[in-house]
Amino acid sequence: MNLKGRDFLTLKDFTPEEIEYLIDLAADLKDKKKKGVPMDVHRGKNIALIFEKSSTRTRCAFEVAASDLGMGSTYLGPTGSQIGTKESIADTARVLCRMYEGIEYRGYGQEIVEELAKYSDVPVWNGLTNEYHPTQMLADMLTIKEHFGKLKGLKLAYLGDARYNMGNSYMVVCSKLGIDYVVCTNKAYFPNEELVAQCREYAEASGAQITLTEDIDAVAGADIVCTDVWVSMGEPDEVWEERIKAFTPYKVTKDVMKKAGPNAIFLHCLPSFHDVKTKIGQDIYERFGIADMEVTDEVFESGQSKVFDEAENRMHTIKAVIYATLGEK
């Protein structure tokens with residue numbers, strides 16, 4: 001499988017075989033890291049990391065992955081570049097690709113990372129946009145495969161806001177890999193109809209089914225239960241009350257996990273508001289009197305929760321993306 005020179009912007013651009021290749025490559029690179037096998041095949045190369053939205057896991061994953069591959073990395077935080085303010089996206093791409101072998105972007109609209117890729121002569125990787133989060137999907141699929149030994153034929157239920165990057169990306173990857181995808185949420189937060197239609201075409205080819213429902217009982221028999229924060233980065237605080245009202249019936253509780261079944265696992269891309277040990281968590285508790293939001297602490301800390309395996313796998317799968325798109329040497 002030759003992915004050298006390819007951008008990594010959305011999994012819509014990749015075949016099921018290419019996605020599975022990246023997952024298996026990540027598993028191999030993870031095994032080599034655990035065994036202490038050096039993989040610094042890209043020594044002397046460098047990558048640029050553009051973060052218009054800050055992150056713990058994505059930044060650390062890219063920096064450690066680059067270091068393991070022998071590469072240098074330059075972090076450009078929310079105030080660390082002139083992208084879109086004093087310098088256009090096109091000009092930024094044309095400058096950075098003269099200095100770096102790859103460019104990561106984490107920020108706002110998908111059109112930004114698409115424009116970076118259009119004007120860059122080196123691979124561009126999507127670390128998160130409003131619409132898609134493809135590196136997270138590889139990490140989740142690796143975690144699922146490690147636990148169940150397979151992907152095709154499983155059932156994944158997503159609870160909460162299905163209109164944005166996580167909900168969209170789960171629907172894309174599940175429909176391509178033959179995983180039944182169930183959205184349980186208030187119908188006002190169903191995904192875009194055009195994307196649903198596109199994913200139904202993927203699902204027809206893979207044998208998967210896509211279900212959109214307001215019925216929480218649809219999680220029955222799910223192998224994987226997933227959720228995300230109820231308010232995304234960049235959204236105003238005023239929407240908290242609206243989201244709490246809309247999504248509380250879809251909070252991942254012990255009862256929800258019981259509906260899924262004793263062998264079901266819980267995933268969350270993190271950070272998660274499962275207690276009041278964060279500034280936002282404490283603020284929400286003081287304003288609305290709730291000690292958790294999208295998932296209860298009981299589920300988050302349970303044996304069914306694989307969120308920290310999932311977080312670790314961000315690094316291994318991102319390393320696979322860098323390794324594959326830059327070539328072995």
# chains A, B, ... in the order shown; residues from 1 in each chain; ligands from 1
$ select_by_dssp --residues "segment 126-270 of chain A" --states "helix (DSSP H, G or I)" --output "PyMOL selection string"
chain A and resi 134-148+165-177+187-189+193-206+216-219+239-250+254-260
$ select_by_dssp --residues "segment 148-295 of chain A" --states "strand (DSSP E)" --output "JSON, numbers by chain"
{"A": [155, 156, 157, 158, 159, 180, 181, 182, 183, 184, 210, 211, 212, 213, 224, 225, 226, 227, 265, 266, 267, 268]}
$ write_last_selection --atoms "N, CA, C and O atoms" --output "JSON list (two decimals), in the first residue's frame"
[["chain", "number", "residue", "atom", "x", "y", "z"],
["A", 155, "LYS", "N", -21.27, -3.21, 16.22],
["A", 155, "LYS", "CA", -22.27, -2.15, 16.28],
["A", 155, "LYS", "C", -21.76, -1.05, 17.20],
["A", 155, "LYS", "O", -21.39, -1.30, 18.35],
["A", 156, "LEU", "N", -21.75, 0.19, 16.69],
["A", 156, "LEU", "CA", -21.29, 1.34, 17.46],
["A", 156, "LEU", "C", -22.43, 2.33, 17.61],
["A", 156, "LEU", "O", -23.07, 2.71, 16.63],
["A", 157, "ALA", "N", -22.69, 2.72, 18.86],
["A", 157, "ALA", "CA", -23.75, 3.69, 19.15],
["A", 157, "ALA", "C", -23.12, 5.00, 19.61],
["A", 157, "ALA", "O", -22.28, 5.00, 20.53],
["A", 158, "TYR", "N", -23.53, 6.09, 18.99],
["A", 158, "TYR", "CA", -23.02, 7.42, 19.35],
["A", 158, "TYR", "C", -24.16, 8.24, 19.94],
["A", 158, "TYR", "O", -25.21, 8.39, 19.32],
["A", 159, "LEU", "N", -23.95, 8.79, 21.14],
["A", 159, "LEU", "CA", -24.96, 9.56, 21.84],
["A", 159, "LEU", "C", -24.52, 11.01, 21.97],
["A", 159, "LEU", "O", -23.37, 11.28, 22.35],
["A", 180, "ASP", "N", -22.02, -1.30, 11.99],
["A", 180, "ASP", "CA", -23.34, -0.68, 12.10],
["A", 180, "ASP", "C", -23.23, 0.56, 12.97],
["A", 180, "ASP", "O", -22.68, 0.51, 14.08],
["A", 181, "TYR", "N", -23.78, 1.67, 12.49],
["A", 181, "TYR", "CA", -23.66, 2.95, 13.19],
["A", 181, "TYR", "C", -25.04, 3.44, 13.61],
["A", 181, "TYR", "O", -25.93, 3.58, 12.78],
["A", 182, "VAL", "N", -25.19, 3.67, 14.90],
["A", 182, "VAL", "CA", -26.47, 4.13, 15.46],
["A", 182, "VAL", "C", -26.26, 5.47, 16.15],
["A", 182, "VAL", "O", -25.41, 5.59, 17.03],
["A", 183, "VAL", "N", -27.02, 6.46, 15.75],
["A", 183, "VAL", "CA", -27.03, 7.76, 16.42],
["A", 183, "VAL", "C", -28.26, 7.82, 17.31],
["A", 183, "VAL", "O", -29.38, 7.64, 16.84],
["A", 184, "CYS", "N", -28.05, 8.06, 18.61],
["A", 184, "CYS", "CA", -29.15, 8.26, 19.54],
["A", 184, "CYS", "C", -29.07, 9.68, 20.06],
["A", 184, "CYS", "O", -28.18, 10.01, 20.85],
["A", 210, "ILE", "N", -26.94, 2.23, 8.90],
["A", 210, "ILE", "CA", -26.92, 3.51, 9.59],
["A", 210, "ILE", "C", -28.32, 3.77, 10.13],
["A", 210, "ILE", "O", -29.30, 3.72, 9.39],
["A", 211, "THR", "N", -28.40, 4.05, 11.43],
["A", 211, "THR", "CA", -29.68, 4.30, 12.08],
["A", 211, "THR", "C", -29.62, 5.62, 12.83],
["A", 211, "THR", "O", -28.70, 5.84, 13.62],
["A", 212, "LEU", "N", -30.58, 6.50, 12.58],
["A", 212, "LEU", "CA", -30.71, 7.76, 13.30],
["A", 212, "LEU", "C", -32.01, 7.71, 14.10],
["A", 212, "LEU", "O", -33.08, 7.52, 13.51],
["A", 213, "THR", "N", -31.94, 7.87, 15.40],
["A", 213, "THR", "CA", -33.13, 7.70, 16.23],
["A", 213, "THR", "C", -33.06, 8.55, 17.49],
["A", 213, "THR", "O", -31.98, 8.90, 17.96],
["A", 224, "ILE", "N", -19.91, -0.96, 21.08],
["A", 224, "ILE", "CA", -19.19, 0.24, 21.48],
["A", 224, "ILE", "C", -20.21, 1.35, 21.70],
["A", 224, "ILE", "O", -21.08, 1.59, 20.86],
["A", 225, "VAL", "N", -20.09, 2.04, 22.83],
["A", 225, "VAL", "CA", -20.90, 3.23, 23.12],
["A", 225, "VAL", "C", -19.96, 4.42, 23.19],
["A", 225, "VAL", "O", -18.98, 4.41, 23.94],
["A", 226, "CYS", "N", -20.26, 5.45, 22.40],
["A", 226, "CYS", "CA", -19.39, 6.64, 22.32],
["A", 226, "CYS", "C", -20.19, 7.90, 22.60],
["A", 226, "CYS", "O", -21.40, 7.95, 22.34],
["A", 227, "THR", "N", -19.50, 8.90, 23.08],
["A", 227, "THR", "CA", -20.11, 10.21, 23.22],
["A", 227, "THR", "C", -19.01, 11.25, 23.11],
["A", 227, "THR", "O", -17.84, 10.94, 22.91],
["A", 265, "ILE", "N", -17.97, -1.72, 25.31],
["A", 265, "ILE", "CA", -16.94, -0.81, 25.81],
["A", 265, "ILE", "C", -17.38, 0.63, 25.60],
["A", 265, "ILE", "O", -18.22, 0.92, 24.73],
["A", 266, "PHE", "N", -16.82, 1.52, 26.40],
["A", 266, "PHE", "CA", -17.13, 2.95, 26.31],
["A", 266, "PHE", "C", -15.92, 3.70, 25.79],
["A", 266, "PHE", "O", -14.79, 3.49, 26.26],
["A", 267, "LEU", "N", -16.15, 4.60, 24.81],
["A", 267, "LEU", "CA", -15.09, 5.44, 24.26],
["A", 267, "LEU", "C", -15.48, 6.91, 24.33],
["A", 267, "LEU", "O", -16.65, 7.26, 24.21],
["A", 268, "HIS", "N", -14.47, 7.76, 24.49],
["A", 268, "HIS", "CA", -14.65, 9.21, 24.51],
["A", 268, "HIS", "C", -13.34, 9.82, 24.07],
["A", 268, "HIS", "O", -12.28, 9.45, 24.58]]
$ residues_around --residues "Leu128 of chain A" --least-positions-apart "6" --cutoff "8 Å" --atoms "only C-alpha atoms" --output "compact mmCIF listing (two decimals) with all heavy atoms, in the first residue's frame"
# COMPACT_ATOMS: atom_id res chain seq x y z
N TYR A 105 -2.78 20.61 10.74
CA TYR A 105 -3.66 21.74 11.05
C TYR A 105 -4.77 21.27 11.99
O TYR A 105 -5.43 20.25 11.74
CB TYR A 105 -4.30 22.32 9.80
CG TYR A 105 -5.34 23.37 10.12
CD1 TYR A 105 -4.94 24.69 10.40
CD2 TYR A 105 -6.69 23.06 10.19
CE1 TYR A 105 -5.89 25.66 10.72
CE2 TYR A 105 -7.63 24.02 10.52
CZ TYR A 105 -7.23 25.31 10.79
OH TYR A 105 -8.17 26.26 11.13
N ARG A 106 -4.97 22.01 13.07
CA ARG A 106 -6.08 21.77 14.00
C ARG A 106 -6.77 23.10 14.23
O ARG A 106 -6.15 24.05 14.71
CB ARG A 106 -5.58 21.19 15.32
CG ARG A 106 -6.68 20.97 16.37
CD ARG A 106 -6.09 20.50 17.69
NE ARG A 106 -7.11 20.41 18.72
CZ ARG A 106 -7.80 19.32 19.01
NH1 ARG A 106 -7.56 18.20 18.33
NH2 ARG A 106 -8.71 19.30 19.96
N GLY A 107 -8.04 23.19 13.84
CA GLY A 107 -8.70 24.47 14.00
C GLY A 107 -10.16 24.46 13.64
O GLY A 107 -10.93 23.66 14.16
N TYR A 108 -10.55 25.30 12.71
CA TYR A 108 -11.95 25.58 12.48
C TYR A 108 -12.49 24.89 11.23
O TYR A 108 -12.53 23.68 11.15
CB TYR A 108 -12.15 27.10 12.47
CG TYR A 108 -11.81 27.69 13.83
CD1 TYR A 108 -10.54 28.23 14.09
CD2 TYR A 108 -12.73 27.68 14.87
CE1 TYR A 108 -10.22 28.75 15.35
CE2 TYR A 108 -12.43 28.19 16.13
CZ TYR A 108 -11.17 28.71 16.36
OH TYR A 108 -10.86 29.21 17.60
N PRO A 134 -10.31 12.90 11.56
CA PRO A 134 -9.90 11.58 11.06
C PRO A 134 -8.82 10.88 11.88
O PRO A 134 -8.81 9.65 11.95
CB PRO A 134 -9.41 11.88 9.64
CG PRO A 134 -9.02 13.32 9.66
CD PRO A 134 -9.99 13.97 10.59
N THR A 135 -7.89 11.62 12.49
CA THR A 135 -6.86 10.94 13.29
C THR A 135 -7.49 10.28 14.52
O THR A 135 -7.06 9.21 14.95
CB THR A 135 -5.74 11.90 13.73
OG1 THR A 135 -6.30 12.99 14.49
CG2 THR A 135 -4.98 12.45 12.53
N ASN A 165 -17.68 17.16 14.12
CA ASN A 165 -16.56 16.32 13.71
C ASN A 165 -16.63 14.88 14.20
O ASN A 165 -16.37 13.96 13.42
CB ASN A 165 -15.22 16.96 14.11
CG ASN A 165 -15.21 17.49 15.52
OD1 ASN A 165 -15.63 16.84 16.46
ND2 ASN A 165 -14.72 18.71 15.67
$ residues_around --residues "Leu138 of chain A" --least-positions-apart "5" --cutoff "8 Å" --atoms "only C-alpha atoms" --output "list in words"
Ile19, Leu22, Ile23, Arg314 and Thr317 of chain A
$ residues_around --residues "Glu328 of chain A" --least-positions-apart "3" --cutoff "9 Å" --atoms "only C-alpha atoms" --output "MDAnalysis selection string"
chainID A and resid 4 41:42 323:325
$ write_last_selection --atoms "C-alpha atoms" --output "PDB file, in the first residue's frame"
ATOM      1  CA  LYS A   4       3.362   8.515   0.009  1.00  0.00           C
ATOM      2  CA  VAL A  41      13.430   6.476   9.553  1.00  0.00           C
ATOM      3  CA  HIS A  42      12.674  10.167   8.967  1.00  0.00           C
ATOM      4  CA  TYR A 323       5.095   7.285   8.389  1.00  0.00           C
ATOM      5  CA  ALA A 324       2.834   6.263   5.506  1.00  0.00           C
ATOM      6  CA  THR A 325       2.324   9.660   3.861  1.00  0.00           C
TER       7      THR A 325
END
$ closest_residue --among "A:Cys269, A:Ala260, A:Ala246, A:Val295" --to "Met137 of chain A" --atoms "only C-alpha atoms"
A:Cys269
$ residues_around --residues "Met166 of chain A" --least-positions-apart "3" --cutoff "7 Å" --atoms "only C-alpha atoms" --output "ChimeraX atom specification"
/A:132-133,169-170
$ write_last_selection --atoms "N, CA, C and O atoms" --output "PDB file, in the first residue's frame"
ATOM      1  N   TYR A 132     -14.592  17.342  10.671  1.00  0.00           N
ATOM      2  CA  TYR A 132     -14.006  15.999  10.680  1.00  0.00           C
ATOM      3  C   TYR A 132     -12.839  15.885  11.656  1.00  0.00           C
ATOM      4  O   TYR A 132     -12.130  16.867  11.920  1.00  0.00           O
ATOM      5  N   HIS A 133     -12.650  14.661  12.162  1.00  0.00           N
ATOM      6  CA  HIS A 133     -11.545  14.372  13.080  1.00  0.00           C
ATOM      7  C   HIS A 133     -10.961  12.995  12.720  1.00  0.00           C
ATOM      8  O   HIS A 133     -11.089  12.033  13.473  1.00  0.00           O
ATOM      9  N   SER A 169     -17.446  11.884  11.634  1.00  0.00           N
ATOM     10  CA  SER A 169     -16.328  10.984  11.345  1.00  0.00           C
ATOM     11  C   SER A 169     -16.643   9.545  11.720  1.00  0.00           C
ATOM     12  O   SER A 169     -16.228   8.617  11.027  1.00  0.00           O
ATOM     13  N   TYR A 170     -17.379   9.348  12.820  1.00  0.00           N
ATOM     14  CA  TYR A 170     -17.815   7.985  13.148  1.00  0.00           C
ATOM     15  C   TYR A 170     -18.686   7.417  12.033  1.00  0.00           C
ATOM     16  O   TYR A 170     -18.559   6.250  11.648  1.00  0.00           O
TER      17      TYR A 170
END
$ residues_around --residues "segment 278-288 of chain A" --least-positions-apart "2" --cutoff "12 Å" --atoms "only C-alpha atoms" --output "mmCIF file with all heavy atoms, in the first residue's frame"
data_model
loop_
_atom_site.group_PDB
_atom_site.id
_atom_site.type_symbol
_atom_site.label_atom_id
_atom_site.label_comp_id
_atom_site.auth_asym_id
_atom_site.auth_seq_id
_atom_site.Cartn_x
_atom_site.Cartn_y
_atom_site.Cartn_z
ATOM 1 N N VAL A 229 -18.207 15.798 24.246
ATOM 2 C CA VAL A 229 -18.685 16.939 25.019
ATOM 3 C C VAL A 229 -19.917 17.540 24.354
ATOM 4 O O VAL A 229 -20.079 17.461 23.136
ATOM 5 C CB VAL A 229 -17.579 17.997 25.182
ATOM 6 C CG1 VAL A 229 -16.451 17.466 26.045
ATOM 7 C CG2 VAL A 229 -17.044 18.449 23.827
ATOM 8 N N TRP A 230 -20.763 18.135 25.156
ATOM 9 C CA TRP A 230 -22.016 18.674 24.638
ATOM 10 C C TRP A 230 -21.851 20.042 23.992
ATOM 11 O O TRP A 230 -22.681 20.465 23.187
ATOM 12 C CB TRP A 230 -23.045 18.756 25.763
ATOM 13 C CG TRP A 230 -23.534 17.406 26.197
ATOM 14 C CD1 TRP A 230 -23.347 16.218 25.547
ATOM 15 C CD2 TRP A 230 -24.294 17.108 27.363
ATOM 16 N NE1 TRP A 230 -23.943 15.192 26.243
ATOM 17 C CE2 TRP A 230 -24.539 15.707 27.365
ATOM 18 C CE3 TRP A 230 -24.787 17.869 28.418
ATOM 19 C CZ2 TRP A 230 -25.252 15.059 28.376
ATOM 20 C CZ3 TRP A 230 -25.515 17.241 29.427
ATOM 21 C CH2 TRP A 230 -25.741 15.860 29.395
ATOM 22 N N VAL A 231 -20.806 20.758 24.347
ATOM 23 C CA VAL A 231 -20.516 22.056 23.740
ATOM 24 C C VAL A 231 -19.093 22.017 23.212
ATOM 25 O O VAL A 231 -18.150 21.754 23.961
ATOM 26 C CB VAL A 231 -20.694 23.210 24.746
ATOM 27 C CG1 VAL A 231 -20.284 24.534 24.113
ATOM 28 C CG2 VAL A 231 -22.142 23.279 25.233
ATOM 29 N N ASP A 237 -20.855 30.144 25.654
ATOM 30 C CA ASP A 237 -21.334 29.550 26.898
ATOM 31 C C ASP A 237 -22.855 29.508 26.976
ATOM 32 O O ASP A 237 -23.425 28.672 27.682
ATOM 33 C CB ASP A 237 -20.798 30.334 28.099
ATOM 34 C CG ASP A 237 -19.309 30.102 28.331
ATOM 35 O OD1 ASP A 237 -18.774 29.139 27.749
ATOM 36 O OD2 ASP A 237 -18.690 30.877 29.088
ATOM 37 N N GLU A 238 -23.507 30.408 26.233
ATOM 38 C CA GLU A 238 -24.964 30.508 26.315
ATOM 39 C C GLU A 238 -25.671 29.226 25.883
ATOM 40 O O GLU A 238 -26.840 29.015 26.228
ATOM 41 C CB GLU A 238 -25.469 31.669 25.449
ATOM 42 C CG GLU A 238 -25.076 33.054 25.949
ATOM 43 C CD GLU A 238 -23.607 33.391 25.705
ATOM 44 O OE1 GLU A 238 -23.026 32.882 24.729
ATOM 45 O OE2 GLU A 238 -23.031 34.144 26.517
ATOM 46 N N VAL A 239 -25.001 28.389 25.117
ATOM 47 C CA VAL A 239 -25.672 27.185 24.607
ATOM 48 C C VAL A 239 -25.691 26.050 25.624
ATOM 49 O O VAL A 239 -26.337 25.031 25.383
ATOM 50 C CB VAL A 239 -25.037 26.694 23.284
ATOM 51 C CG1 VAL A 239 -25.066 27.783 22.248
ATOM 52 C CG2 VAL A 239 -23.620 26.196 23.508
ATOM 53 N N TRP A 240 -24.996 26.195 26.751
ATOM 54 C CA TRP A 240 -24.953 25.107 27.733
ATOM 55 C C TRP A 240 -26.348 24.698 28.196
ATOM 56 O O TRP A 240 -26.670 23.497 28.235
ATOM 57 C CB TRP A 240 -24.096 25.508 28.936
ATOM 58 C CG TRP A 240 -22.644 25.227 28.767
ATOM 59 C CD1 TRP A 240 -21.630 26.146 28.631
ATOM 60 C CD2 TRP A 240 -21.999 23.949 28.702
ATOM 61 N NE1 TRP A 240 -20.406 25.508 28.486
ATOM 62 C CE2 TRP A 240 -20.617 24.169 28.535
ATOM 63 C CE3 TRP A 240 -22.471 22.640 28.773
ATOM 64 C CZ2 TRP A 240 -19.703 23.128 28.426
ATOM 65 C CZ3 TRP A 240 -21.556 21.593 28.666
ATOM 66 C CH2 TRP A 240 -20.190 21.843 28.486
ATOM 67 N N GLU A 241 -27.176 25.670 28.549
ATOM 68 C CA GLU A 241 -28.517 25.348 29.054
ATOM 69 C C GLU A 241 -29.328 24.583 28.019
ATOM 70 O O GLU A 241 -29.989 23.579 28.335
ATOM 71 C CB GLU A 241 -29.241 26.629 29.462
ATOM 72 C CG GLU A 241 -30.593 26.377 30.117
ATOM 73 C CD GLU A 241 -31.207 27.639 30.689
ATOM 74 O OE1 GLU A 241 -30.626 28.735 30.492
ATOM 75 O OE2 GLU A 241 -32.272 27.529 31.334
ATOM 76 N N GLU A 242 -29.248 25.041 26.777
ATOM 77 C CA GLU A 242 -29.952 24.364 25.670
ATOM 78 C C GLU A 242 -29.470 22.934 25.493
ATOM 79 O O GLU A 242 -30.276 22.002 25.348
ATOM 80 C CB GLU A 242 -29.719 25.160 24.386
ATOM 81 C CG GLU A 242 -30.095 24.446 23.106
ATOM 82 C CD GLU A 242 -29.404 25.050 21.897
ATOM 83 O OE1 GLU A 242 -29.254 26.289 21.843
ATOM 84 O OE2 GLU A 242 -28.991 24.272 21.009
ATOM 85 N N ARG A 243 -28.138 22.735 25.514
ATOM 86 C CA ARG A 243 -27.579 21.398 25.291
ATOM 87 C C ARG A 243 -27.871 20.451 26.457
ATOM 88 O O ARG A 243 -28.126 19.262 26.249
ATOM 89 C CB ARG A 243 -26.070 21.490 25.063
ATOM 90 C CG ARG A 243 -25.671 22.364 23.887
ATOM 91 C CD ARG A 243 -26.068 21.777 22.540
ATOM 92 N NE ARG A 243 -25.863 22.734 21.479
ATOM 93 C CZ ARG A 243 -24.678 23.004 20.929
ATOM 94 N NH1 ARG A 243 -23.593 22.383 21.356
ATOM 95 N NH2 ARG A 243 -24.579 23.894 19.967
ATOM 96 N N ILE A 244 -27.797 20.972 27.673
ATOM 97 C CA ILE A 244 -28.094 20.130 28.835
ATOM 98 C C ILE A 244 -29.523 19.601 28.753
ATOM 99 O O ILE A 244 -29.788 18.426 29.002
ATOM 100 C CB ILE A 244 -27.857 20.915 30.142
ATOM 101 C CG1 ILE A 244 -26.347 21.127 30.354
ATOM 102 C CG2 ILE A 244 -28.459 20.184 31.346
ATOM 103 C CD1 ILE A 244 -26.014 22.094 31.467
ATOM 104 N N LYS A 245 -30.446 20.468 28.364
ATOM 105 C CA LYS A 245 -31.845 20.058 28.223
ATOM 106 C C LYS A 245 -32.008 19.029 27.103
ATOM 107 O O LYS A 245 -32.723 18.029 27.252
ATOM 108 C CB LYS A 245 -32.716 21.282 27.941
ATOM 109 C CG LYS A 245 -34.197 20.967 27.809
ATOM 110 C CD LYS A 245 -35.005 22.241 27.581
ATOM 111 C CE LYS A 245 -36.487 21.923 27.432
ATOM 112 N NZ LYS A 245 -37.301 23.174 27.202
ATOM 113 N N PRO A 271 -11.216 15.894 26.137
ATOM 114 C CA PRO A 271 -11.508 15.805 27.563
ATOM 115 C C PRO A 271 -12.989 15.537 27.821
ATOM 116 O O PRO A 271 -13.835 15.840 26.978
ATOM 117 C CB PRO A 271 -11.103 17.182 28.091
ATOM 118 C CG PRO A 271 -11.306 18.095 26.921
ATOM 119 C CD PRO A 271 -10.919 17.284 25.715
ATOM 120 N N SER A 272 -13.267 14.964 28.998
ATOM 121 C CA SER A 272 -14.624 14.577 29.355
ATOM 122 C C SER A 272 -15.057 15.266 30.640
ATOM 123 O O SER A 272 -14.278 15.381 31.586
ATOM 124 C CB SER A 272 -14.684 13.055 29.555
ATOM 125 O OG SER A 272 -15.892 12.676 30.171
ATOM 126 N N PHE A 273 -16.310 15.699 30.661
ATOM 127 C CA PHE A 273 -16.859 16.308 31.874
ATOM 128 C C PHE A 273 -17.666 15.260 32.645
ATOM 129 O O PHE A 273 -18.888 15.170 32.509
ATOM 130 C CB PHE A 273 -17.712 17.524 31.511
ATOM 131 C CG PHE A 273 -16.909 18.603 30.834
ATOM 132 C CD1 PHE A 273 -17.206 19.016 29.551
ATOM 133 C CD2 PHE A 273 -15.837 19.184 31.485
ATOM 134 C CE1 PHE A 273 -16.453 20.015 28.927
ATOM 135 C CE2 PHE A 273 -15.067 20.173 30.873
ATOM 136 C CZ PHE A 273 -15.379 20.586 29.586
ATOM 137 N N HIS A 274 -16.936 14.434 33.387
ATOM 138 C CA HIS A 274 -17.558 13.349 34.146
ATOM 139 C C HIS A 274 -17.556 13.606 35.645
ATOM 140 O O HIS A 274 -18.020 12.775 36.424
ATOM 141 C CB HIS A 274 -16.840 12.027 33.849
ATOM 142 C CG HIS A 274 -15.378 12.051 34.168
ATOM 143 N ND1 HIS A 274 -14.877 11.597 35.355
ATOM 144 C CD2 HIS A 274 -14.314 12.489 33.453
ATOM 145 C CE1 HIS A 274 -13.553 11.743 35.368
ATOM 146 N NE2 HIS A 274 -13.191 12.288 34.213
ATOM 147 N N ASP A 275 -17.010 14.778 36.068
ATOM 148 C CA ASP A 275 -16.989 15.148 37.474
ATOM 149 C C ASP A 275 -16.849 16.669 37.572
ATOM 150 O O ASP A 275 -17.009 17.369 36.567
ATOM 151 C CB ASP A 275 -15.844 14.433 38.220
ATOM 152 C CG ASP A 275 -14.484 14.666 37.582
ATOM 153 O OD1 ASP A 275 -14.291 15.730 36.940
ATOM 154 O OD2 ASP A 275 -13.596 13.803 37.723
ATOM 155 N N VAL A 276 -16.560 17.170 38.747
ATOM 156 C CA VAL A 276 -16.451 18.626 38.926
ATOM 157 C C VAL A 276 -15.010 19.035 39.228
ATOM 158 O O VAL A 276 -14.760 20.063 39.844
ATOM 159 C CB VAL A 276 -17.395 19.120 40.044
ATOM 160 C CG1 VAL A 276 -18.842 18.910 39.646
ATOM 161 C CG2 VAL A 276 -17.102 18.411 41.377
ATOM 162 N N ILE A 290 -25.503 20.120 38.232
ATOM 163 C CA ILE A 290 -25.200 18.762 37.774
ATOM 164 C C ILE A 290 -23.706 18.493 37.928
ATOM 165 O O ILE A 290 -22.875 19.339 37.637
ATOM 166 C CB ILE A 290 -25.643 18.524 36.317
ATOM 167 C CG1 ILE A 290 -25.006 19.552 35.370
ATOM 168 C CG2 ILE A 290 -27.168 18.563 36.206
ATOM 169 C CD1 ILE A 290 -25.304 19.285 33.903
ATOM 170 N N ALA A 291 -23.368 17.299 38.417
ATOM 171 C CA ALA A 291 -21.975 16.958 38.716
ATOM 172 C C ALA A 291 -21.291 16.232 37.568
ATOM 173 O O ALA A 291 -20.108 15.904 37.651
ATOM 174 C CB ALA A 291 -21.909 16.106 39.982
ATOM 175 N N ASP A 292 -22.029 15.943 36.508
ATOM 176 C CA ASP A 292 -21.447 15.332 35.313
ATOM 177 C C ASP A 292 -22.301 15.734 34.130
ATOM 178 O O ASP A 292 -23.390 16.271 34.296
ATOM 179 C CB ASP A 292 -21.366 13.799 35.443
ATOM 180 C CG ASP A 292 -22.686 13.180 35.876
ATOM 181 O OD1 ASP A 292 -23.755 13.598 35.373
ATOM 182 O OD2 ASP A 292 -22.682 12.286 36.742
ATOM 183 N N MET A 293 -21.775 15.489 32.936
ATOM 184 C CA MET A 293 -22.540 15.876 31.760
ATOM 185 C C MET A 293 -22.730 14.689 30.814
ATOM 186 O O MET A 293 -23.602 13.864 31.003
ATOM 187 C CB MET A 293 -21.889 17.076 31.075
ATOM 188 C CG MET A 293 -22.251 18.368 31.796
ATOM 189 S SD MET A 293 -21.339 19.813 31.248
ATOM 190 C CE MET A 293 -19.946 19.763 32.375
ATOM 191 N N GLU A 294 -21.869 14.550 29.810
ATOM 192 C CA GLU A 294 -22.134 13.545 28.770
ATOM 193 C C GLU A 294 -21.965 12.114 29.237
ATOM 194 O O GLU A 294 -22.486 11.179 28.628
ATOM 195 C CB GLU A 294 -21.256 13.816 27.540
ATOM 196 C CG GLU A 294 -19.765 13.547 27.733
ATOM 197 C CD GLU A 294 -18.988 14.685 28.328
ATOM 198 O OE1 GLU A 294 -19.611 15.694 28.729
ATOM 199 O OE2 GLU A 294 -17.758 14.582 28.375
#
$ atom_distance --atom1 "atom CA of Tyr100 of chain A" --atom2 "atom CA of Gly72 of chain A"
9.4 Å
$ closest_residue --among "A:Lys34, A:Ile318, A:Lys258, A:Leu96" --to "Arg59 of chain A" --atoms "only C-alpha atoms"
A:Ile318
$ atom_distance --atom1 "atom CA of Pro191 of chain A" --atom2 "atom CA of Glu111 of chain A"
18.4 Å
$ atom_distance --atom1 "atom CA of Leu9 of chain A" --atom2 "atom CA of Ala93 of chain A"
14.7 Å
$ closest_residue --among "A:Tyr250, A:Tyr202, A:Trp125, A:Phe300" --to "Asp215 of chain A" --atoms "only C-alpha atoms"
A:Tyr250
